[in-house]
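Reading through the structure tokens given below for one structure.
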Amino acid sequence: MDCHCDTFVFDLDGTLLDTLPDLVALTNRALRDAGFPERTEQEILSYVGNGVRALMYQAVPEGTDSAQAEAAMDRWCELYPEYGTTLTKPYDGMVEVLASLKEQGKKLAVLSNKFDGGVQELMPVFFPDVFDAAHGESASIPRKPDPTGLLFTLKQIDADPETTAYVGDSGGDMKTAHNAGVFAIGVSWGYRSEGELREMGADAIVHHPAELLDFA
């Protein structure tokens, strides 16, 4: 499949930003503070993608009651301002590609399963004045693959699903794109395998941010 798009909506963690080092440090600090053992980077990687609650409920030891898991999650949120961006950085070439797309007049947005407060903190730090809209999980934006957030974002920036690409690193992102009727581009540099992206119906897979320009 091919697509020449006038709108690009991006996932955040694992797509635009390599946030895993901070997620590992933050999650393990929250676990320690809650009296739980730490997890390896690979374990934490396997937990990311579905929001903070899903992350912490998997990170705490099996059999932990919900009250303790909630307390660990609350501690994670308390610590986020301290750990949120210390080790985080954009993937190589991403800033330049976004600038090129913007120069071409493309509409750009972000839709993440990260809690909305975290998304809003990251945008001005790493991508000032780049995106037309940015949303994370909130009371009005349910977690992907529910298409509500993506459809809301497209309406907000006056974009047509038929000429939109959603760019992400997980099978859930590919499903989100299809649920909203947009072109699904998987990125191979993120936190999920290329096999998962293909299995979940990626319309295209790119291996470097510069390849996104082929769809503009």
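To be explicit about the labels: the chains of the structure tokens are called A, B, and onward in the order shown, and within each one the residues are counted from 1, while ligands get numbers from 1 in the order they are shown.
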
- Do a neighbour search on A:Ala54 at 12 Å with only C-alpha atoms, toss out local chain neighbours closer than 5 positions, and write the hits as a ChimeraX atom specification. /A:44,46-49,59-60,66,69-70,72-73,113-115,143

- Message: If DSSP is run on the backbone, what residues of stretch 4-93 of chain A are strand (DSSP E or B)? A reply as an MDAnalysis selection string would be ideal.
- Response: chainID A and resid 7:10 13 17:18 89:90

- Task: Just the residues within 12 Å of A:Pro37, please, counting only C-alpha atoms, with nothing from its chain fewer than 6 positions along; format it as an MDAnalysis selection string.
- Result: chainID A and resid 27:31 59:62 72

- Between A:Lys89, A:Lys144, A:Lys155, A:Arg75, single out the one closest to A:Ala109, counting only C-alpha atoms.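 Closest candidate: A:Lys155.
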
- Message: Just checking: using only C-alpha atoms, which residue out of A:Cys77, A:Met56, A:Leu213, A:Leu23 ends up closest to A:Leu101?
- Response: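 Under the stated criterion, the closest residue is A:Leu213.
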
- Task: If you run DSSP over the backbone, which residues in stretch 49-161 of chain A end up alpha helix (DSSP H)? Put them as a ChimeraX atom specification.
- Result: /A:52-59,66-83,94-103,116-126,148-156

- Nearest to A:Gly14 by atom-to-atom distance, counting only C-alpha atoms, from A:Ser170, A:Ser140, A:Gln58, A:Asn50: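 Looking at the shortest contact to A:Gly14, the residue is A:Ser170.
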
- With a distance cut-off of 8 Å and only C-alpha atoms, select the neighbouring residues of A:Gly172, excluding the residue or stretch itself and same-chain residues fewer than 2 positions from it, and output the selection as an MDAnalysis selection string. chainID A and resid 144:145 170 174:176 200

Could those residues be written to a file, using N, CA and C atoms, as a PDB file, in the first residue's frame?
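Ended up saving to result06.pdb:
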ATOM      1  N   LYS A 144      -5.483   3.968  23.641  1.00  0.00           N
ATOM      2  CA  LYS A 144      -5.471   3.227  22.392  1.00  0.00           C
ATOM      3  C   LYS A 144      -5.514   1.723  22.711  1.00  0.00           C
ATOM      4  N   PRO A 145      -6.089   0.898  21.837  1.00  0.00           N
ATOM      5  CA  PRO A 145      -6.466   1.158  20.443  1.00  0.00           C
ATOM      6  C   PRO A 145      -7.865   1.750  20.241  1.00  0.00           C
ATOM      7  N   SER A 170       4.000   0.013  17.950  1.00  0.00           N
ATOM      8  CA  SER A 170       3.385  -1.179  18.528  1.00  0.00           C
ATOM      9  C   SER A 170       2.218  -1.675  17.682  1.00  0.00           C
ATOM     10  N   MET A 174      -0.953   0.172  15.379  1.00  0.00           N
ATOM     11  CA  MET A 174      -1.457  -0.204  14.060  1.00  0.00           C
ATOM     12  C   MET A 174      -2.974  -0.431  14.124  1.00  0.00           C
ATOM     13  N   LYS A 175      -3.430  -1.043  15.201  1.00  0.00           N
ATOM     14  CA  LYS A 175      -4.866  -1.283  15.375  1.00  0.00           C
ATOM     15  C   LYS A 175      -5.612   0.035  15.555  1.00  0.00           C
ATOM     16  N   THR A 176      -5.005   0.958  16.281  1.00  0.00           N
ATOM     17  CA  THR A 176      -5.616   2.279  16.463  1.00  0.00           C
ATOM     18  C   THR A 176      -5.823   2.955  15.123  1.00  0.00           C
ATOM     19  N   MET A 200      -0.142  -7.131  13.185  1.00  0.00           N
ATOM     20  CA  MET A 200      -1.272  -6.270  13.522  1.00  0.00           C
ATOM     21  C   MET A 200      -1.671  -5.354  12.374  1.00  0.00           C
TER      22      MET A 200
END

Residues of stretch 178-213 of chain A within 7 Å of stretch 158-168 of chain A: nearest atom pair and distance (Å, one decimal) for each, counting only C-alpha atoms, sorted by chain and number, as CSV?
residue,atom,partner,partner_atom,distance
A:Gly181,CA,A:Pro161,CA,6.0
A:Val182,CA,A:Pro161,CA,5.1
A:Phe183,CA,A:Ala165,CA,4.5
A:Ala184,CA,A:Tyr166,CA,5.3
A:Ile185,CA,A:Val167,CA,4.8
A:Gly186,CA,A:Gly168,CA,5.2
A:Val187,CA,A:Gly168,CA,6.0
